[in-house]
Structures are given as structure tokens and as C-alpha cells.
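**Q** Okay, handing you the structure first.
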Amino acid sequence: MSGQASRRKRVAVLISGRGSNMHSLIAASRLDDFPAQIALVLSNKLDAPGLAAAQEAGIATAALDHKAHAGREDFERAMQDVLAQHNIDLVCLAGFMRLLTPWFVSQWAGRMLNIHPALLPSYRGLHTHERALEDGVKIHGCTVHFVVPEMDAGPIIAQAAVPVLDGDTAATLGARVLTQEHVIYPLALKLVASGAAHIEGNRVLTGETTSERLLVVPTPA
Ligand code: GAR
């Protein structure tokens, strides 16, 4: 590896399932000028499809069954040990469906990102697409943010908006949102890993002079 490559931030992607966001991060990290490399994929589900895919992609993996640990903190201390063994700089939660304790979050303050399938602060929690349809909103989307102890809160790094169309179901709307998740997660990681993103209070400033790269504007189909 060149000197340039070795200075890239070492990222752990934490997953629980299929790992499509993990794939988008791996693909971006393989671009020459990307400031981060995916050094580890860690799953709390031993049979997560994303875990097998990461192995096939030649990426180091770890599987830690949360049910095999005495409690949440015990599980997190095991995760922390694995992250330390792999010299991880940044953590990306990508469909990692475990609530994290303030202790674990504090270990990664300003260094842990999450993607959420809604335009935060709207629709924290689960079933975001169903709830957006129930409410009749016309714009929905996704958010990448820094992780803080409160669930689905924390300074927002990037968001993308999509239109809600007449015939949408939770599945079609979710698929439209997911396409944008795959755009903004690599972008957000790039901003953080390159050092361009600075947290000021609850805001993330990136030095961007236009919103062009940070906001995907919905185009009606
Ligand atoms: C993604 O839609 C992500 O935003 C969501 O889980 C999905 C994981 O898909 N995350 C959450 O709901 C976290 N609260 P993926 O495994 O294909 O990346």
C-alpha cells in the first residue's frame, strides 16, 4: 500500500442484516481518492447475509452474538476489544439493530456515524416508511448523523430527500429511500474521514459553500 493509502482512516462497519449500505461503503472505499478504508465488518448476527458478502469481498469480519453475552455492556466491551484489535478510527452503523449504551457511545464520540431511513428529526425509531405514508407527507428521505446516547439523534452530516408518490407502498418508498442512502453514506463518511466535517453544537459544518453535494432534492418521477 502507498503512504497515501496507509493514512486512510480505518473504518468498522457494524451490521445486523443484508448490508446494502455496507456494500456502498466498500465500493466507495475502493476509489483511489477515498479517505477511508473498510478494515472490519462486525455483526451481532452470525448469519447476517452482509457478513458472508464482506468475507467474499476479502474484508476482515467478526461475529459477536449479543445473546451469548451476559448483558448489553458485556457485549459492548467485547465489541470494543475487537475494534481495538483492528485499530479502528471510525465506526459506521449500517442497519445495526442494537441500542448502544452511553458508555459505548462515549468511547466513539464524534467518531461513530449512523444511517437512518427518515429525515431526522422526523420519524425516529422503526417503521419509518409506514409512518410517513400514514401521515401523508410528500417528502421523505434519509439521514446520516453522528451517534449520541439518545436514539436517532445527534448532529446531522448529510440528508437526502425523495418524493412520496401516489401509488407508494412502504416497500416502494423504502426502496427509493435506500437508493439515496447508498449515495449519502459514502459522502458523509468522506466528509468525516477527510476531516472536512466539524461538529459545532448540534450542527455539522463542512466548509461546503453550496448544498449541492449535501442535499438530494426530490425529482417527481
Ligand atoms: C437501512 O435502511 C438503514 O437505514 C436502516 O436499516 C436498513 C439496513 O439496510 N437502519 C435503521 O433502521 C436504523 N435505525 P442494509 O442492511 O441493506 O444496509
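Chain identifiers are assigned as A, B, and so on, following the order in which chains appear in the C-alpha cells; residues are numbered from 1 within each chain, and ligands are numbered from 1 in order of appearance.
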Could you tell me, counting only C-alpha atoms and all ligand atoms, which protein and nucleic acid residues lie no more than 6 Å from ligand 1, written as a list of chain:residue names?

**A**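 The distance check yields A:Gly17, A:Arg18, A:Gly19, A:Ser20, A:Asn21, A:Met22, A:Ala94, A:Gly95, A:Ile115, A:His116, A:Pro117, A:Gly125, A:Leu178.
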
**Q** Can you write just those residues out, C-alpha atoms, as a PDB file, in the first residue's frame?

**A**
ATOM      1  CA  GLY A  17     -28.615  -7.907   8.196  1.00  0.00           C
ATOM      2  CA  ARG A  18     -28.326  -7.720   4.432  1.00  0.00           C
ATOM      3  CA  GLY A  19     -25.667  -4.989   4.402  1.00  0.00           C
ATOM      4  CA  SER A  20     -26.548  -2.978   1.306  1.00  0.00           C
ATOM      5  CA  ASN A  21     -25.205   0.201   2.926  1.00  0.00           C
ATOM      6  CA  MET A  22     -22.071  -1.743   3.832  1.00  0.00           C
ATOM      7  CA  ALA A  94     -25.291   0.349   8.869  1.00  0.00           C
ATOM      8  CA  GLY A  95     -28.507  -1.381   9.837  1.00  0.00           C
ATOM      9  CA  ILE A 115     -27.736   5.969   8.824  1.00  0.00           C
ATOM     10  CA  HIS A 116     -31.439   6.293   9.489  1.00  0.00           C
ATOM     11  CA  PRO A 117     -34.206   5.787   6.898  1.00  0.00           C
ATOM     12  CA  GLY A 125     -37.292   4.599  15.570  1.00  0.00           C
ATOM     13  CA  LEU A 178     -32.484   3.123   0.133  1.00  0.00           C
TER      14      LEU A 178
END

**Q** I want to know what sits within 12 Å of A:Val91, based on only C-alpha atoms, with residues of the same chain fewer than 6 positions away left out; could you give that as a PyMOL selection string?

**A** chain A and resi 9-15+22+25+36-42+79-80+83-84+104-105+107-115+145-147+189+192-193

**Q** Could you list, as a list in words, every residue within 7 Å of A:Glu181, counting only C-alpha atoms and ignoring same-chain residues fewer than 4 positions away?

**A** Cys142, Val177 and Tyr185 of chain A

**Q** Kindly export the residues of the current selection with all heavy atoms, as a PDB file, in the first residue's frame.

**A**
ATOM      1  N   CYS A 142     -33.655  10.197   4.040  1.00  0.00           N
ATOM      2  CA  CYS A 142     -32.727   9.501   4.923  1.00  0.00           C
ATOM      3  C   CYS A 142     -31.683  10.479   5.460  1.00  0.00           C
ATOM      4  O   CYS A 142     -31.486  11.562   4.891  1.00  0.00           O
ATOM      5  CB  CYS A 142     -32.056   8.337   4.194  1.00  0.00           C
ATOM      6  SG  CYS A 142     -31.382   8.762   2.572  1.00  0.00           S
ATOM      7  N   VAL A 177     -35.883   5.379  -0.932  1.00  0.00           N
ATOM      8  CA  VAL A 177     -35.030   5.958   0.118  1.00  0.00           C
ATOM      9  C   VAL A 177     -33.673   5.241   0.150  1.00  0.00           C
ATOM     10  O   VAL A 177     -32.613   5.873   0.249  1.00  0.00           O
ATOM     11  CB  VAL A 177     -35.727   5.872   1.495  1.00  0.00           C
ATOM     12  CG1 VAL A 177     -34.761   6.230   2.619  1.00  0.00           C
ATOM     13  CG2 VAL A 177     -36.951   6.784   1.526  1.00  0.00           C
ATOM     14  N   TYR A 185     -24.368   7.906   2.401  1.00  0.00           N
ATOM     15  CA  TYR A 185     -23.488   7.348   3.437  1.00  0.00           C
ATOM     16  C   TYR A 185     -22.012   7.471   3.020  1.00  0.00           C
ATOM     17  O   TYR A 185     -21.185   7.959   3.798  1.00  0.00           O
ATOM     18  CB  TYR A 185     -23.885   5.919   3.795  1.00  0.00           C
ATOM     19  CG  TYR A 185     -23.629   5.570   5.257  1.00  0.00           C
ATOM     20  CD1 TYR A 185     -24.130   4.419   5.823  1.00  0.00           C
ATOM     21  CD2 TYR A 185     -22.890   6.420   6.090  1.00  0.00           C
ATOM     22  CE1 TYR A 185     -23.915   4.106   7.165  1.00  0.00           C
ATOM     23  CE2 TYR A 185     -22.659   6.118   7.432  1.00  0.00           C
ATOM     24  CZ  TYR A 185     -23.182   4.960   7.963  1.00  0.00           C
ATOM     25  OH  TYR A 185     -22.965   4.659   9.295  1.00  0.00           O
TER      26      TYR A 185
END

**Q** Measuring between only C-alpha atoms, which one of A:Ala153, A:Ala175, A:Ala158, A:Ala118 shows the shortest distance to A:His140?

**A**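 When distances to A:His140 are compared using only C-alpha atoms, the smallest one comes from A:Ala118.
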
**Q** Would you please extract all strand (DSSP E or B) residues from stretch 71-209 of chain A, as assigned by DSSP on the backbone, and give them as a PDB file with N, CA, C and O atoms, in the first residue's frame?

**A**
ATOM      1  N   LEU A  90     -12.883   4.927  12.955  1.00  0.00           N
ATOM      2  CA  LEU A  90     -14.267   5.389  12.814  1.00  0.00           C
ATOM      3  C   LEU A  90     -15.198   4.177  12.746  1.00  0.00           C
ATOM      4  O   LEU A  90     -14.834   3.150  12.164  1.00  0.00           O
ATOM      5  N   VAL A  91     -16.399   4.335  13.310  1.00  0.00           N
ATOM      6  CA  VAL A  91     -17.406   3.265  13.261  1.00  0.00           C
ATOM      7  C   VAL A  91     -18.601   3.766  12.457  1.00  0.00           C
ATOM      8  O   VAL A  91     -19.087   4.878  12.682  1.00  0.00           O
ATOM      9  N   CYS A  92     -19.070   2.943  11.521  1.00  0.00           N
ATOM     10  CA  CYS A  92     -20.285   3.248  10.762  1.00  0.00           C
ATOM     11  C   CYS A  92     -21.340   2.205  11.095  1.00  0.00           C
ATOM     12  O   CYS A  92     -21.166   1.021  10.780  1.00  0.00           O
ATOM     13  N   LEU A  93     -22.429   2.647  11.719  1.00  0.00           N
ATOM     14  CA  LEU A  93     -23.563   1.748  11.953  1.00  0.00           C
ATOM     15  C   LEU A  93     -24.371   1.700  10.664  1.00  0.00           C
ATOM     16  O   LEU A  93     -24.766   2.742  10.129  1.00  0.00           O
ATOM     17  N   MET A 112     -18.438   8.060  15.473  1.00  0.00           N
ATOM     18  CA  MET A 112     -19.381   6.993  15.114  1.00  0.00           C
ATOM     19  C   MET A 112     -20.561   7.601  14.365  1.00  0.00           C
ATOM     20  O   MET A 112     -21.195   8.548  14.825  1.00  0.00           O
ATOM     21  N   LEU A 113     -20.853   7.033  13.181  1.00  0.00           N
ATOM     22  CA  LEU A 113     -21.918   7.524  12.304  1.00  0.00           C
ATOM     23  C   LEU A 113     -23.031   6.483  12.238  1.00  0.00           C
ATOM     24  O   LEU A 113     -22.778   5.286  12.399  1.00  0.00           O
ATOM     25  N   ASN A 114     -24.238   6.969  11.979  1.00  0.00           N
ATOM     26  CA  ASN A 114     -25.374   6.062  11.780  1.00  0.00           C
ATOM     27  C   ASN A 114     -26.174   6.541  10.579  1.00  0.00           C
ATOM     28  O   ASN A 114     -26.243   7.741  10.314  1.00  0.00           O
ATOM     29  N   ILE A 115     -26.785   5.587   9.877  1.00  0.00           N
ATOM     30  CA  ILE A 115     -27.736   5.969   8.824  1.00  0.00           C
ATOM     31  C   ILE A 115     -29.131   5.579   9.272  1.00  0.00           C
ATOM     32  O   ILE A 115     -29.345   4.487   9.818  1.00  0.00           O
ATOM     33  N   HIS A 116     -30.054   6.511   9.055  1.00  0.00           N
ATOM     34  CA  HIS A 116     -31.439   6.293   9.489  1.00  0.00           C
ATOM     35  C   HIS A 116     -32.361   6.536   8.299  1.00  0.00           C
ATOM     36  O   HIS A 116     -32.206   7.541   7.593  1.00  0.00           O
ATOM     37  N   ILE A 139     -42.697  14.510   1.218  1.00  0.00           N
ATOM     38  CA  ILE A 139     -41.242  14.365   1.121  1.00  0.00           C
ATOM     39  C   ILE A 139     -40.774  13.476   2.265  1.00  0.00           C
ATOM     40  O   ILE A 139     -41.166  13.662   3.423  1.00  0.00           O
ATOM     41  N   HIS A 140     -39.947  12.510   1.922  1.00  0.00           N
ATOM     42  CA  HIS A 140     -39.390  11.580   2.915  1.00  0.00           C
ATOM     43  C   HIS A 140     -37.902  11.493   2.590  1.00  0.00           C
ATOM     44  O   HIS A 140     -37.411  12.196   1.690  1.00  0.00           O
ATOM     45  N   GLY A 141     -37.163  10.642   3.283  1.00  0.00           N
ATOM     46  CA  GLY A 141     -35.742  10.585   2.940  1.00  0.00           C
ATOM     47  C   GLY A 141     -34.924   9.832   3.956  1.00  0.00           C
ATOM     48  O   GLY A 141     -35.430   8.941   4.657  1.00  0.00           O
ATOM     49  N   CYS A 142     -33.655  10.197   4.040  1.00  0.00           N
ATOM     50  CA  CYS A 142     -32.727   9.501   4.923  1.00  0.00           C
ATOM     51  C   CYS A 142     -31.683  10.479   5.460  1.00  0.00           C
ATOM     52  O   CYS A 142     -31.486  11.562   4.891  1.00  0.00           O
ATOM     53  N   THR A 143     -31.033  10.054   6.520  1.00  0.00           N
ATOM     54  CA  THR A 143     -30.114  10.934   7.256  1.00  0.00           C
ATOM     55  C   THR A 143     -28.891  10.145   7.702  1.00  0.00           C
ATOM     56  O   THR A 143     -29.029   9.020   8.200  1.00  0.00           O
ATOM     57  N   VAL A 144     -27.718  10.743   7.562  1.00  0.00           N
ATOM     58  CA  VAL A 144     -26.520  10.223   8.236  1.00  0.00           C
ATOM     59  C   VAL A 144     -26.153  11.227   9.325  1.00  0.00           C
ATOM     60  O   VAL A 144     -26.085  12.433   9.062  1.00  0.00           O
ATOM     61  N   HIS A 145     -25.949  10.708  10.540  1.00  0.00           N
ATOM     62  CA  HIS A 145     -25.669  11.603  11.668  1.00  0.00           C
ATOM     63  C   HIS A 145     -24.631  10.982  12.589  1.00  0.00           C
ATOM     64  O   HIS A 145     -24.414   9.762  12.565  1.00  0.00           O
ATOM     65  N   PHE A 146     -23.996  11.842  13.386  1.00  0.00           N
ATOM     66  CA  PHE A 146     -23.125  11.337  14.448  1.00  0.00           C
ATOM     67  C   PHE A 146     -23.999  10.726  15.543  1.00  0.00           C
ATOM     68  O   PHE A 146     -25.102  11.218  15.815  1.00  0.00           O
ATOM     69  N   ILE A 156     -26.356  16.183  12.396  1.00  0.00           N
ATOM     70  CA  ILE A 156     -26.639  15.627  11.064  1.00  0.00           C
ATOM     71  C   ILE A 156     -25.520  15.985  10.096  1.00  0.00           C
ATOM     72  O   ILE A 156     -25.147  17.153   9.953  1.00  0.00           O
ATOM     73  N   ILE A 157     -25.005  14.974   9.414  1.00  0.00           N
ATOM     74  CA  ILE A 157     -23.909  15.174   8.448  1.00  0.00           C
ATOM     75  C   ILE A 157     -24.457  15.344   7.044  1.00  0.00           C
ATOM     76  O   ILE A 157     -24.004  16.206   6.286  1.00  0.00           O
ATOM     77  N   ALA A 158     -25.416  14.513   6.650  1.00  0.00           N
ATOM     78  CA  ALA A 158     -25.972  14.596   5.296  1.00  0.00           C
ATOM     79  C   ALA A 158     -27.391  14.050   5.296  1.00  0.00           C
ATOM     80  O   ALA A 158     -27.732  13.169   6.098  1.00  0.00           O
ATOM     81  N   GLN A 159     -28.215  14.580   4.413  1.00  0.00           N
ATOM     82  CA  GLN A 159     -29.575  14.088   4.242  1.00  0.00           C
ATOM     83  C   GLN A 159     -29.905  14.042   2.766  1.00  0.00           C
ATOM     84  O   GLN A 159     -29.372  14.828   1.979  1.00  0.00           O
ATOM     85  N   ALA A 160     -30.795  13.138   2.405  1.00  0.00           N
ATOM     86  CA  ALA A 160     -31.333  13.114   1.046  1.00  0.00           C
ATOM     87  C   ALA A 160     -32.841  13.034   1.150  1.00  0.00           C
ATOM     88  O   ALA A 160     -33.378  12.353   2.022  1.00  0.00           O
ATOM     89  N   ALA A 161     -33.513  13.760   0.264  1.00  0.00           N
ATOM     90  CA  ALA A 161     -34.977  13.755   0.243  1.00  0.00           C
ATOM     91  C   ALA A 161     -35.457  13.013  -0.995  1.00  0.00           C
ATOM     92  O   ALA A 161     -34.795  13.038  -2.034  1.00  0.00           O
ATOM     93  N   VAL A 162     -36.586  12.338  -0.858  1.00  0.00           N
ATOM     94  CA  VAL A 162     -37.227  11.696  -2.017  1.00  0.00           C
ATOM     95  C   VAL A 162     -38.703  12.067  -1.998  1.00  0.00           C
ATOM     96  O   VAL A 162     -39.273  12.336  -0.932  1.00  0.00           O
ATOM     97  N   PRO A 163     -39.361  12.069  -3.165  1.00  0.00           N
ATOM     98  CA  PRO A 163     -40.796  12.336  -3.178  1.00  0.00           C
ATOM     99  C   PRO A 163     -41.581  11.105  -2.724  1.00  0.00           C
ATOM    100  O   PRO A 163     -41.126   9.972  -2.898  1.00  0.00           O
ATOM    101  N   HIS A 198     -16.948  19.332  10.793  1.00  0.00           N
ATOM    102  CA  HIS A 198     -16.686  19.794  12.164  1.00  0.00           C
ATOM    103  C   HIS A 198     -17.997  19.911  12.913  1.00  0.00           C
ATOM    104  O   HIS A 198     -18.952  20.506  12.405  1.00  0.00           O
ATOM    105  N   ILE A 199     -18.034  19.364  14.118  1.00  0.00           N
ATOM    106  CA  ILE A 199     -19.245  19.466  14.933  1.00  0.00           C
ATOM    107  C   ILE A 199     -19.213  20.786  15.695  1.00  0.00           C
ATOM    108  O   ILE A 199     -18.229  21.085  16.382  1.00  0.00           O
ATOM    109  N   GLU A 200     -20.274  21.567  15.546  1.00  0.00           N
ATOM    110  CA  GLU A 200     -20.422  22.798  16.337  1.00  0.00           C
ATOM    111  C   GLU A 200     -21.797  22.763  16.971  1.00  0.00           C
ATOM    112  O   GLU A 200     -22.810  22.965  16.283  1.00  0.00           O
ATOM    113  N   ARG A 203     -24.780  21.102  15.161  1.00  0.00           N
ATOM    114  CA  ARG A 203     -24.644  21.204  13.700  1.00  0.00           C
ATOM    115  C   ARG A 203     -23.314  20.619  13.250  1.00  0.00           C
ATOM    116  O   ARG A 203     -22.330  20.622  13.998  1.00  0.00           O
ATOM    117  N   VAL A 204     -23.313  20.162  12.021  1.00  0.00           N
ATOM    118  CA  VAL A 204     -22.051  19.732  11.394  1.00  0.00           C
ATOM    119  C   VAL A 204     -21.755  20.712  10.274  1.00  0.00           C
ATOM    120  O   VAL A 204     -22.558  20.870   9.345  1.00  0.00           O
ATOM    121  N   LEU A 205     -20.620  21.379  10.368  1.00  0.00           N
ATOM    122  CA  LEU A 205     -20.198  22.302   9.318  1.00  0.00           C
ATOM    123  C   LEU A 205     -19.137  21.603   8.484  1.00  0.00           C
ATOM    124  O   LEU A 205     -18.271  20.899   9.007  1.00  0.00           O
TER     125      LEU A 205
END

**Q** Excluding A:Asp81 and residues on its chain fewer than 4 positions from it, collect all residues at most 12 Å away from it, counting only C-alpha atoms, and give them as a ChimeraX atom specification.

**A** /A:42,62,64,74-77,85-88,104,107

**Q** Since we have the selection now, will you write its residues out, keeping N, CA, C and O atoms, as an mmCIF file, in the first residue's frame?

**A**
data_model
loop_
_atom_site.group_PDB
_atom_site.id
_atom_site.type_symbol
_atom_site.label_atom_id
_atom_site.label_comp_id
_atom_site.auth_asym_id
_atom_site.auth_seq_id
_atom_site.Cartn_x
_atom_site.Cartn_y
_atom_site.Cartn_z
ATOM 1 N N LEU A 42 -18.393 -5.960 11.306
ATOM 2 C CA LEU A 42 -18.749 -6.667 12.542
ATOM 3 C C LEU A 42 -20.271 -6.815 12.595
ATOM 4 O O LEU A 42 -20.992 -5.853 12.325
ATOM 5 N N ALA A 62 -16.022 -9.977 11.886
ATOM 6 C CA ALA A 62 -16.168 -10.517 13.236
ATOM 7 C C ALA A 62 -17.656 -10.674 13.505
ATOM 8 O O ALA A 62 -18.458 -9.829 13.108
ATOM 9 N N LEU A 64 -20.245 -11.342 16.663
ATOM 10 C CA LEU A 64 -20.393 -11.410 18.116
ATOM 11 C C LEU A 64 -21.876 -11.511 18.421
ATOM 12 O O LEU A 64 -22.611 -10.544 18.224
ATOM 13 N N ASP A 74 -21.601 -6.048 28.622
ATOM 14 C CA ASP A 74 -20.679 -7.161 28.397
ATOM 15 C C ASP A 74 -20.451 -7.339 26.890
ATOM 16 O O ASP A 74 -19.321 -7.472 26.416
ATOM 17 N N PHE A 75 -21.552 -7.301 26.143
ATOM 18 C CA PHE A 75 -21.496 -7.418 24.680
ATOM 19 C C PHE A 75 -20.680 -6.261 24.086
ATOM 20 O O PHE A 75 -19.809 -6.457 23.225
ATOM 21 N N GLU A 76 -20.938 -5.071 24.586
ATOM 22 C CA GLU A 76 -20.246 -3.902 24.034
ATOM 23 C C GLU A 76 -18.753 -3.912 24.377
ATOM 24 O O GLU A 76 -17.934 -3.461 23.572
ATOM 25 N N ARG A 77 -18.399 -4.425 25.547
ATOM 26 C CA ARG A 77 -16.971 -4.494 25.886
ATOM 27 C C ARG A 77 -16.270 -5.477 24.945
ATOM 28 O O ARG A 77 -15.137 -5.251 24.529
ATOM 29 N N GLN A 85 -8.555 -4.233 18.555
ATOM 30 C CA GLN A 85 -7.625 -5.171 17.895
ATOM 31 C C GLN A 85 -7.390 -4.783 16.438
ATOM 32 O O GLN A 85 -6.316 -5.012 15.886
ATOM 33 N N HIS A 86 -8.414 -4.192 15.813
ATOM 34 C CA HIS A 86 -8.310 -3.827 14.398
ATOM 35 C C HIS A 86 -7.929 -2.361 14.190
ATOM 36 O O HIS A 86 -7.984 -1.866 13.070
ATOM 37 N N ASN A 87 -7.520 -1.699 15.283
ATOM 38 C CA ASN A 87 -7.063 -0.285 15.194
ATOM 39 C C ASN A 87 -8.059 0.595 14.450
ATOM 40 O O ASN A 87 -7.699 1.347 13.540
ATOM 41 N N ILE A 88 -9.308 0.489 14.859
ATOM 42 C CA ILE A 88 -10.374 1.216 14.164
ATOM 43 C C ILE A 88 -10.382 2.694 14.571
ATOM 44 O O ILE A 88 -10.275 3.031 15.755
ATOM 45 N N PHE A 104 -20.638 2.943 25.601
ATOM 46 C CA PHE A 104 -20.069 2.624 24.289
ATOM 47 C C PHE A 104 -20.066 3.874 23.405
ATOM 48 O O PHE A 104 -19.085 4.163 22.721
ATOM 49 N N GLN A 107 -17.224 6.143 24.031
ATOM 50 C CA GLN A 107 -15.931 5.687 23.502
ATOM 51 C C GLN A 107 -15.703 6.199 22.081
ATOM 52 O O GLN A 107 -14.560 6.331 21.626
#

**Q** Given the choices A:Lys67, A:His23, A:Leu31, A:Val82, which gets closest to A:Ala53 if the distance is worked out from only C-alpha atoms?

**A**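 Closest to A:Ala53, using only C-alpha atoms: A:His23.
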
**Q** Atom CA of A:Asp168 to atom CA of A:Ser24: how many Å, to one decimal?

**A**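 Going from atom CA of A:Asp168 over to atom CA of A:Ser24, I get 24.6 Å.
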
**Q** For atom CA of A:Glu208 and atom CA of A:Ala196, quote the distance in Å rounded to one decimal.

**A**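 Interatomic distance here is 8.9 Å.
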
**Q** Tell me, as a tab-separated table (two decimals) with N, CA and C atoms, in the first residue's frame, which residues lie within 10 Å of A:Asp47, counting only C-alpha atoms; anything in the same chain fewer than 3 positions away does not count.

**A**
chain	number	residue	atom	x	y	z
A	16	SER	N	-26.40	-5.79	11.00
A	16	SER	CA	-27.19	-6.89	11.56
A	16	SER	C	-27.86	-7.71	10.47
A	17	GLY	N	-27.81	-7.24	9.22
A	17	GLY	CA	-28.62	-7.91	8.20
A	17	GLY	C	-27.98	-7.96	6.83
A	18	ARG	N	-28.75	-7.48	5.82
A	18	ARG	CA	-28.33	-7.72	4.43
A	18	ARG	C	-27.09	-6.93	4.06
A	43	SER	N	-20.73	-8.01	12.94
A	43	SER	CA	-22.18	-8.24	13.02
A	43	SER	C	-22.53	-8.88	14.35
A	44	ASN	N	-23.71	-8.52	14.87
A	44	ASN	CA	-24.22	-9.18	16.06
A	44	ASN	C	-25.06	-10.40	15.69
A	50	GLY	N	-24.86	-9.94	5.04
A	50	GLY	CA	-23.79	-8.98	4.80
A	50	GLY	C	-22.42	-9.47	5.27
A	51	LEU	N	-22.44	-10.31	6.29
A	51	LEU	CA	-21.18	-10.82	6.84
A	51	LEU	C	-20.50	-11.74	5.82
A	52	ALA	N	-21.28	-12.63	5.23
A	52	ALA	CA	-20.73	-13.54	4.22
A	52	ALA	C	-20.25	-12.76	3.01
A	63	ALA	N	-18.02	-11.78	14.14
A	63	ALA	CA	-19.41	-12.01	14.51
A	63	ALA	C	-19.47	-12.18	16.02
A	65	ASP	N	-22.29	-12.66	18.87
A	65	ASP	CA	-23.71	-12.88	19.17
A	65	ASP	C	-24.06	-12.17	20.48

**Q** Just the residues within 10 Å of A:Val137, please, counting only C-alpha atoms, with nothing from its chain fewer than 6 positions along; format it as a CSV table (one decimal) with C-alpha atoms, in the first residue's frame.

**A**
chain,number,residue,atom,x,y,z
A,131,ARG,CA,-45.4,6.1,9.4
A,163,PRO,CA,-40.8,12.3,-3.2
A,164,VAL,CA,-43.7,10.3,-1.9
A,165,LEU,CA,-45.8,9.2,-4.9

**Q** What separation in Å, quoted to one decimal, exists between atom CA of A:Ala132 and atom CA of A:Gln180?

**A** 16.4 Å

**Q** Here is a test: counting only C-alpha atoms, which residue of A:Ala48, A:Met97, A:Leu187, A:Val148 is nearest to A:Thr206?

**A** A:Leu187
